[in-house]
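Trainee: I have a structure here, written as structure tokens, and I will follow up with some questions on it.
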Amino acid sequence: MMNMIVQILGILCLLTGSFSVKNVLVIIGDDVGFETSIYNNTVCKTPNLERLAKRSVILKHGYTSVSSCSPSRSAIMTGLPSHQNGIYGLNGGIHHFQAFNGVKSLPVILRTHGIKSGIIGKKHVSPEDVFQYDYEMTEFKHPMLQVARNITNMKLLVREFFSINQSMPFLLYIGFNDCHRCPESKYGDFCEKFGNGQPGYGDIPDWTPAYYDPDDVIVPPFLPDTPATRGDISNQYTSMSRLDAGIGMLLDELTSHGYLDDTLIIYTADNGIPFPNAKTNLYESGMGEPYLISSPEDRTRWGQVSEAFASTTDILPTVLDWFGITFPTYNLNGATVALTGHSLLPVTHQEPGSGFDQVFSSHNFHEVYMYYPMRVIRNKRYRLLHNLNYYAPYPLATDLYDNPTFKDILNRTLTGQPTKWFKTLQEYYYRAEFELYDQMNDPLELNNLAYNESYSDIFQELQQTLYKWRLDTNDYWKCYPEGVRYLGSCADLHNAPPYFYLNQG
């Protein structure tokens, strides 16, 4: 009888999540999209992501808060959009964007509550004291390929982290470098040859590369269906197979160390895939992200698809909620900081009847010369983009120029050949100040409704909601481009360009 009672209590513990210690694993893919059967890609094989999805809620509407590497990671770690936390663009080298010193990041908050933190892989944010983890194995002191793509080496680092202060609850942040491009690398466009066991490329024992015939890959509708694009995607899929093997490694390590059934797991990516119209863009193809959240507290939701909208700024409040920690009160640049993201834990228990119905995004730079600030609201029906520097051509990052897909579009355009793309380069470079799209009836975002009188009420409502969010997040671009900050408000500069009325719509 006593044994039966113990067994019943053990089952109840698993079902209700009554754990003595709680942990968190955050997994961030690099430039990763929906190349998995979880999101209906039947070609790119990801058995380990499928394994994670079976114990997760699969979010159908996951979005990045900014489609750029460092700014996105800063938003994940602080819960604040990049225009609020100070990392306006890339962190490394000549770009040199850093967070404000007063920002309180997730590992720093957790440390004050006795929770150890670790980061393995791509970090891409600074300063160190703002984003200081207790255990760090990142590109700042080690080769990126070894700490963020060599999953066998990463496995050893995970084991080392687990061996430190084993009785403490933990946050472990894994930053994979797959599927980022590798311009001018001997390892291929996606470093897909790195560790493949062939001469000169090294060997990663925990990875068996998957290869794909370009004729078989699935070309997203926002890309041209050409041999160049298909070959590009084929290499991307191989890179994806290494990330998937890394997911399996992490699940195995959690299991072997006894952590799997008391660990909240969040999987998503930093920004859109490194192809035209995606990464550094805030269209659906640049903002949309895979998003899984696995909670051992309620298994009845495992494997279910949720219609809830989620942002990467929701990760910090979700982790704090999991640990029962209140977000600290502090000021930044003269304003009290308040989170605009929300905990996703309610979604792991039941499908929300209300709320979780809109997300926001903010972009300023990628590389330092790429000044193209944008603000976006996306709800269940519409996307409104405000392109603040619309008078300038949309700029391209180095890896978004130096790749087979874009160069094929460019060369076809210059030689007068059909690009097989859904827009022209002229349309891609030059954009209206406002873009409003009906996501239900226009998923490719071809028909800009912002200047259509029939949608004026919708436009005004979305614009007001977006502007309120900008005020709530102390957006220093709030007056731009028509005005200048002056005596606590915005002074009108009367600076509309000469072609303004002809260019809109």
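Here, A, B, ... name the chains of the structure tokens in the order displayed, residue numbers run from 1 inside each chain, and ligands are numbered from 1 in the same displayed order.
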For A:Asn403, find every residue with an atom within 12 Å (counting only C-alpha atoms), except residues of its own chain fewer than 5 positions away, and show them as a PDB file with N, CA and C atoms, in the first residue's frame.

Mentor:
```
ATOM      1  N   HIS A 180      23.526  30.605 -39.454  1.00  0.00           N
ATOM      2  CA  HIS A 180      24.084  31.872 -39.940  1.00  0.00           C
ATOM      3  C   HIS A 180      24.987  31.587 -41.138  1.00  0.00           C
ATOM      4  N   ARG A 181      25.056  32.551 -42.057  1.00  0.00           N
ATOM      5  CA  ARG A 181      25.953  32.404 -43.200  1.00  0.00           C
ATOM      6  C   ARG A 181      27.407  32.589 -42.786  1.00  0.00           C
ATOM      7  N   CYS A 182      28.307  32.085 -43.626  1.00  0.00           N
ATOM      8  CA  CYS A 182      29.751  32.188 -43.407  1.00  0.00           C
ATOM      9  C   CYS A 182      30.392  32.747 -44.676  1.00  0.00           C
ATOM     10  N   PRO A 183      30.290  34.053 -44.909  1.00  0.00           N
ATOM     11  CA  PRO A 183      30.837  34.622 -46.141  1.00  0.00           C
ATOM     12  C   PRO A 183      32.323  34.316 -46.318  1.00  0.00           C
ATOM     13  N   GLU A 184      32.687  33.943 -47.533  1.00  0.00           N
ATOM     14  CA  GLU A 184      34.083  33.710 -47.914  1.00  0.00           C
ATOM     15  C   GLU A 184      34.758  32.666 -47.023  1.00  0.00           C
ATOM     16  N   SER A 185      34.017  31.660 -46.604  1.00  0.00           N
ATOM     17  CA  SER A 185      34.569  30.611 -45.750  1.00  0.00           C
ATOM     18  C   SER A 185      34.828  29.344 -46.562  1.00  0.00           C
ATOM     19  N   GLY A 188      31.961  26.660 -46.627  1.00  0.00           N
ATOM     20  CA  GLY A 188      30.705  26.802 -47.354  1.00  0.00           C
ATOM     21  C   GLY A 188      29.890  27.985 -46.889  1.00  0.00           C
ATOM     22  N   ASP A 189      28.822  28.286 -47.637  1.00  0.00           N
ATOM     23  CA  ASP A 189      28.004  29.478 -47.379  1.00  0.00           C
ATOM     24  C   ASP A 189      27.378  29.472 -45.994  1.00  0.00           C
ATOM     25  N   PHE A 190      27.090  28.290 -45.443  1.00  0.00           N
ATOM     26  CA  PHE A 190      26.499  28.175 -44.108  1.00  0.00           C
ATOM     27  C   PHE A 190      27.427  27.417 -43.149  1.00  0.00           C
ATOM     28  N   ALA A 228      19.881  28.892 -58.306  1.00  0.00           N
ATOM     29  CA  ALA A 228      20.750  29.507 -57.303  1.00  0.00           C
ATOM     30  C   ALA A 228      20.111  29.446 -55.921  1.00  0.00           C
ATOM     31  N   THR A 229      18.831  29.782 -55.848  1.00  0.00           N
ATOM     32  CA  THR A 229      18.137  29.752 -54.561  1.00  0.00           C
ATOM     33  C   THR A 229      18.031  28.331 -54.031  1.00  0.00           C
ATOM     34  N   GLY A 231      20.001  25.770 -54.592  1.00  0.00           N
ATOM     35  CA  GLY A 231      21.289  25.322 -54.079  1.00  0.00           C
ATOM     36  C   GLY A 231      21.612  25.950 -52.746  1.00  0.00           C
ATOM     37  N   ASP A 232      21.245  27.221 -52.590  1.00  0.00           N
ATOM     38  CA  ASP A 232      21.447  27.942 -51.338  1.00  0.00           C
ATOM     39  C   ASP A 232      20.669  27.290 -50.200  1.00  0.00           C
ATOM     40  N   ILE A 233      19.413  26.972 -50.457  1.00  0.00           N
ATOM     41  CA  ILE A 233      18.561  26.364 -49.433  1.00  0.00           C
ATOM     42  C   ILE A 233      19.057  24.959 -49.085  1.00  0.00           C
ATOM     43  N   ASN A 235      22.104  23.923 -48.925  1.00  0.00           N
ATOM     44  CA  ASN A 235      23.188  24.084 -47.943  1.00  0.00           C
ATOM     45  C   ASN A 235      22.652  24.516 -46.585  1.00  0.00           C
ATOM     46  N   GLN A 236      21.633  25.372 -46.599  1.00  0.00           N
ATOM     47  CA  GLN A 236      20.992  25.791 -45.349  1.00  0.00           C
ATOM     48  C   GLN A 236      20.422  24.583 -44.610  1.00  0.00           C
ATOM     49  N   PRO A 274      18.648  34.196 -43.456  1.00  0.00           N
ATOM     50  CA  PRO A 274      19.537  35.141 -44.143  1.00  0.00           C
ATOM     51  C   PRO A 274      19.333  35.152 -45.661  1.00  0.00           C
ATOM     52  N   PHE A 275      18.155  35.547 -46.061  1.00  0.00           N
ATOM     53  CA  PHE A 275      17.758  35.618 -47.459  1.00  0.00           C
ATOM     54  C   PHE A 275      17.024  36.940 -47.703  1.00  0.00           C
ATOM     55  N   PRO A 276      16.884  37.337 -48.961  1.00  0.00           N
ATOM     56  CA  PRO A 276      16.152  38.575 -49.260  1.00  0.00           C
ATOM     57  C   PRO A 276      14.737  38.564 -48.679  1.00  0.00           C
ATOM     58  N   LEU A 396      21.650  46.838 -47.303  1.00  0.00           N
ATOM     59  CA  LEU A 396      21.879  45.405 -47.183  1.00  0.00           C
ATOM     60  C   LEU A 396      23.097  45.110 -46.321  1.00  0.00           C
ATOM     61  N   ALA A 397      22.986  44.090 -45.480  1.00  0.00           N
ATOM     62  CA  ALA A 397      24.123  43.601 -44.713  1.00  0.00           C
ATOM     63  C   ALA A 397      25.063  42.830 -45.628  1.00  0.00           C
ATOM     64  N   THR A 398      26.297  42.673 -45.195  1.00  0.00           N
ATOM     65  CA  THR A 398      27.290  41.985 -46.008  1.00  0.00           C
ATOM     66  C   THR A 398      26.832  40.589 -46.399  1.00  0.00           C
ATOM     67  N   ASP A 408      22.072  36.374 -57.588  1.00  0.00           N
ATOM     68  CA  ASP A 408      21.327  35.932 -58.773  1.00  0.00           C
ATOM     69  C   ASP A 408      20.221  36.926 -59.112  1.00  0.00           C
ATOM     70  N   ILE A 409      19.507  37.412 -58.074  1.00  0.00           N
ATOM     71  CA  ILE A 409      18.479  38.447 -58.310  1.00  0.00           C
ATOM     72  C   ILE A 409      19.118  39.690 -58.918  1.00  0.00           C
ATOM     73  N   LEU A 410      20.242  40.100 -58.343  1.00  0.00           N
ATOM     74  CA  LEU A 410      20.925  41.305 -58.817  1.00  0.00           C
ATOM     75  C   LEU A 410      21.398  41.139 -60.259  1.00  0.00           C
TER      76      LEU A 410
END
```

Trainee: Please provide the set of residues having any atom within 7 Å of stretch 21-33 of chain A, restricted to only C-alpha atoms, with same-chain residues fewer than 5 positions apart removed, written as a list in words.

Mentor: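 Here the qualifying residues turn out to be Pro169, Phe170, Leu171, Leu172, Tyr173, Ile174, Gly175, Phe176, Asn177, Asp178, Cys179, His180, Asp262, Thr263, Leu264, Ile265, Ile266, Tyr267, Thr268, Ala269, Asp270, Asn271, Gly272, Ile273, Pro274, Glu289, Pro290 and Phe323 of chain A.
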
Trainee: For the residues in the current selection, export N, CA and C atoms as a PDB file, in the first residue's frame.

Mentor:
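This went into selection-v5.pdb:
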```pdb
ATOM      1  N   PRO A 169      19.357  25.831  -8.583  1.00  0.00           N
ATOM      2  CA  PRO A 169      18.574  25.948  -9.816  1.00  0.00           C
ATOM      3  C   PRO A 169      19.381  26.731 -10.848  1.00  0.00           C
ATOM      4  N   PHE A 170      19.071  26.524 -12.137  1.00  0.00           N
ATOM      5  CA  PHE A 170      19.905  27.167 -13.144  1.00  0.00           C
ATOM      6  C   PHE A 170      19.100  27.708 -14.332  1.00  0.00           C
ATOM      7  N   LEU A 171      19.709  28.679 -14.990  1.00  0.00           N
ATOM      8  CA  LEU A 171      19.341  29.110 -16.334  1.00  0.00           C
ATOM      9  C   LEU A 171      20.533  28.793 -17.224  1.00  0.00           C
ATOM     10  N   LEU A 172      20.321  28.007 -18.265  1.00  0.00           N
ATOM     11  CA  LEU A 172      21.355  27.740 -19.259  1.00  0.00           C
ATOM     12  C   LEU A 172      20.873  28.284 -20.601  1.00  0.00           C
ATOM     13  N   TYR A 173      21.667  29.193 -21.161  1.00  0.00           N
ATOM     14  CA  TYR A 173      21.352  29.825 -22.451  1.00  0.00           C
ATOM     15  C   TYR A 173      22.301  29.242 -23.496  1.00  0.00           C
ATOM     16  N   ILE A 174      21.733  28.640 -24.538  1.00  0.00           N
ATOM     17  CA  ILE A 174      22.516  28.053 -25.623  1.00  0.00           C
ATOM     18  C   ILE A 174      22.320  28.887 -26.879  1.00  0.00           C
ATOM     19  N   GLY A 175      23.415  29.439 -27.392  1.00  0.00           N
ATOM     20  CA  GLY A 175      23.344  30.230 -28.619  1.00  0.00           C
ATOM     21  C   GLY A 175      24.027  29.507 -29.763  1.00  0.00           C
ATOM     22  N   PHE A 176      23.257  28.712 -30.521  1.00  0.00           N
ATOM     23  CA  PHE A 176      23.828  28.052 -31.696  1.00  0.00           C
ATOM     24  C   PHE A 176      24.185  29.097 -32.755  1.00  0.00           C
ATOM     25  N   ASN A 177      25.199  28.781 -33.569  1.00  0.00           N
ATOM     26  CA  ASN A 177      25.562  29.651 -34.687  1.00  0.00           C
ATOM     27  C   ASN A 177      24.956  29.174 -36.005  1.00  0.00           C
ATOM     28  N   ASP A 178      24.389  27.994 -36.028  1.00  0.00           N
ATOM     29  CA  ASP A 178      23.609  27.538 -37.174  1.00  0.00           C
ATOM     30  C   ASP A 178      22.230  28.177 -37.091  1.00  0.00           C
ATOM     31  N   CYS A 179      21.703  28.709 -38.201  1.00  0.00           N
ATOM     32  CA  CYS A 179      22.136  28.594 -39.590  1.00  0.00           C
ATOM     33  C   CYS A 179      22.601  29.947 -40.163  1.00  0.00           C
ATOM     34  N   HIS A 180      23.526  30.605 -39.454  1.00  0.00           N
ATOM     35  CA  HIS A 180      24.084  31.872 -39.940  1.00  0.00           C
ATOM     36  C   HIS A 180      24.987  31.587 -41.138  1.00  0.00           C
ATOM     37  N   ASP A 262      12.233  18.718 -14.740  1.00  0.00           N
ATOM     38  CA  ASP A 262      12.034  19.915 -13.919  1.00  0.00           C
ATOM     39  C   ASP A 262      12.584  21.170 -14.619  1.00  0.00           C
ATOM     40  N   THR A 263      12.721  21.088 -15.950  1.00  0.00           N
ATOM     41  CA  THR A 263      13.311  22.190 -16.700  1.00  0.00           C
ATOM     42  C   THR A 263      12.345  22.753 -17.735  1.00  0.00           C
ATOM     43  N   LEU A 264      12.114  24.041 -17.658  1.00  0.00           N
ATOM     44  CA  LEU A 264      11.367  24.763 -18.682  1.00  0.00           C
ATOM     45  C   LEU A 264      12.295  24.969 -19.876  1.00  0.00           C
ATOM     46  N   ILE A 265      11.853  24.601 -21.080  1.00  0.00           N
ATOM     47  CA  ILE A 265      12.672  24.736 -22.279  1.00  0.00           C
ATOM     48  C   ILE A 265      11.983  25.690 -23.255  1.00  0.00           C
ATOM     49  N   ILE A 266      12.721  26.679 -23.702  1.00  0.00           N
ATOM     50  CA  ILE A 266      12.216  27.622 -24.706  1.00  0.00           C
ATOM     51  C   ILE A 266      13.143  27.566 -25.911  1.00  0.00           C
ATOM     52  N   TYR A 267      12.573  27.346 -27.070  1.00  0.00           N
ATOM     53  CA  TYR A 267      13.351  27.325 -28.320  1.00  0.00           C
ATOM     54  C   TYR A 267      12.780  28.354 -29.286  1.00  0.00           C
ATOM     55  N   THR A 268      13.651  29.212 -29.810  1.00  0.00           N
ATOM     56  CA  THR A 268      13.259  30.150 -30.859  1.00  0.00           C
ATOM     57  C   THR A 268      14.520  30.589 -31.586  1.00  0.00           C
ATOM     58  N   ALA A 269      14.457  31.686 -32.324  1.00  0.00           N
ATOM     59  CA  ALA A 269      15.607  32.184 -33.076  1.00  0.00           C
ATOM     60  C   ALA A 269      15.695  33.688 -32.931  1.00  0.00           C
ATOM     61  N   ASP A 270      16.831  34.234 -33.368  1.00  0.00           N
ATOM     62  CA  ASP A 270      17.044  35.669 -33.178  1.00  0.00           C
ATOM     63  C   ASP A 270      16.373  36.524 -34.241  1.00  0.00           C
ATOM     64  N   ASN A 271      16.365  36.053 -35.494  1.00  0.00           N
ATOM     65  CA  ASN A 271      15.789  36.859 -36.577  1.00  0.00           C
ATOM     66  C   ASN A 271      15.453  35.974 -37.766  1.00  0.00           C
ATOM     67  N   GLY A 272      14.989  36.585 -38.842  1.00  0.00           N
ATOM     68  CA  GLY A 272      14.608  35.828 -40.015  1.00  0.00           C
ATOM     69  C   GLY A 272      15.786  35.162 -40.699  1.00  0.00           C
ATOM     70  N   ILE A 273      15.498  34.266 -41.636  1.00  0.00           N
ATOM     71  CA  ILE A 273      16.554  33.546 -42.334  1.00  0.00           C
ATOM     72  C   ILE A 273      17.366  34.516 -43.185  1.00  0.00           C
ATOM     73  N   PRO A 274      18.648  34.196 -43.456  1.00  0.00           N
ATOM     74  CA  PRO A 274      19.537  35.141 -44.143  1.00  0.00           C
ATOM     75  C   PRO A 274      19.333  35.152 -45.661  1.00  0.00           C
ATOM     76  N   GLU A 289       9.091  33.691 -36.369  1.00  0.00           N
ATOM     77  CA  GLU A 289      10.100  32.781 -35.826  1.00  0.00           C
ATOM     78  C   GLU A 289       9.466  31.470 -35.360  1.00  0.00           C
ATOM     79  N   PRO A 290      10.234  30.367 -35.420  1.00  0.00           N
ATOM     80  CA  PRO A 290       9.789  29.161 -34.717  1.00  0.00           C
ATOM     81  C   PRO A 290       9.793  29.441 -33.219  1.00  0.00           C
ATOM     82  N   PHE A 323      10.373  31.096 -12.137  1.00  0.00           N
ATOM     83  CA  PHE A 323      11.109  31.077 -10.876  1.00  0.00           C
ATOM     84  C   PHE A 323      10.384  31.830  -9.758  1.00  0.00           C
TER      85      PHE A 323
END
```

Trainee: Find the distance between atom CA of A:Thr226 and atom CA of A:Leu243 and write it in Å to one decimal.

Mentor: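 These atoms are spaced 25.8 Å apart.
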
Trainee: Mind checking DSSP for stretch 224-424 of chain A and telling me the helix (DSSP H, G or I) residues as a PyMOL selection string?

Mentor: chain A and resi 227-256+260-262+284-287+299-301+312-323+345-348+398-401+404-414

Trainee: For A:Pro395, find every residue with an atom within 12 Å (counting only C-alpha atoms), except residues of its own chain fewer than 4 positions away, and show them as a list of chain:residue names.

Mentor: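 That gives A:Pro276, A:Asn277, A:Lys279, A:Thr280, A:Asn281, A:Asn364, A:Phe365, A:His366, A:Glu367, A:Val368, A:Tyr369, A:Met370, A:Tyr371, A:Tyr372, A:Pro373, A:Asn389, A:Tyr390, A:Tyr391, A:Asp399, A:Leu400, A:Tyr401, A:Leu425, A:Tyr428, A:Tyr429, A:Tyr430, A:Arg431.
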
Trainee: Report as a count of residues only all protein, DNA and RNA residues lying within 8 Å of A:Arg299, evaluated on only C-alpha atoms, omitting residues in the same chain fewer than 3 positions from it.

Mentor: 5

Trainee: Which one is closest to A:Arg51: A:Asp472, A:Ser72, A:Ala148, A:Gly303? Count only C-alpha atoms.

Mentor: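 The shortest atom-to-atom distance to A:Arg51 comes from A:Gly303.
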
Trainee: Residues near A:Leu110, anyone? I mean within 12 Å using only C-alpha atoms, not counting same-chain ones fewer than 3 positions away, as a PyMOL selection string.

Mentor: chain A and resi 23-24+77-78+104-107+113-118+131-134+168-172+316-317+319-328

Trainee: What does the structure give for the distance between atom CA of A:Val43 and atom CA of A:Arg242, in Å to one decimal?

Mentor: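 Spanning atom CA of A:Val43 to atom CA of A:Arg242 is a straight-line distance of 15.4 Å.
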
Trainee: Which is closest to A:His124 among A:Thr112, A:Ser167, A:Asn379, A:Ser68, if we use only C-alpha atoms?

Mentor: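 Closest candidate: A:Ser68.
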
Trainee: A:Asn85, A:Gln304, A:Asn91, A:Gln439: which is nearest A:Ala53, counting only C-alpha atoms?

Mentor: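 Looking only at the distances to A:Ala53, the closest residue turns out to be A:Gln304.
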
Trainee: Report the residues of stretch 342-502 of chain A whose backbone DSSP state falls under strand (DSSP E), written as a ChimeraX atom specification.

Mentor: /A:358-363,374-379,382-387,434-438,483-486,489-492

Trainee: Compile the contact shell of A:Pro209 as an MDAnalysis selection string: residues with an atom at most 7 Å away, counting only C-alpha atoms, same-chain residues fewer than 2 positions apart removed.

Mentor: chainID A and resid 196 207 211 238 241:242

Trainee: Ranking A:Val66, A:Leu462, A:Leu292, A:Leu449 by minimum distance to A:Glu50 and counting only C-alpha atoms, which one comes first?

Mentor: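 Ranking A:Val66, A:Leu462, A:Leu292, A:Leu449 by distance to A:Glu50, first place goes to A:Leu292.
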
Trainee: So that I can see what lies close to A:Asp252, please list as a list in words the residues with an atom at most 12 Å from it, counting only C-alpha atoms and leaving out residues fewer than 4 positions away in the same chain.

Mentor: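 Once the nearby chain positions are removed, what remains is Asn48, Arg51, Leu52, Lys155, Val158, Arg159, Asp206, Ala245, Gly246, Ile247, Gly248, Ser256, His257, Gly258, Tyr259 and Leu260 of chain A.
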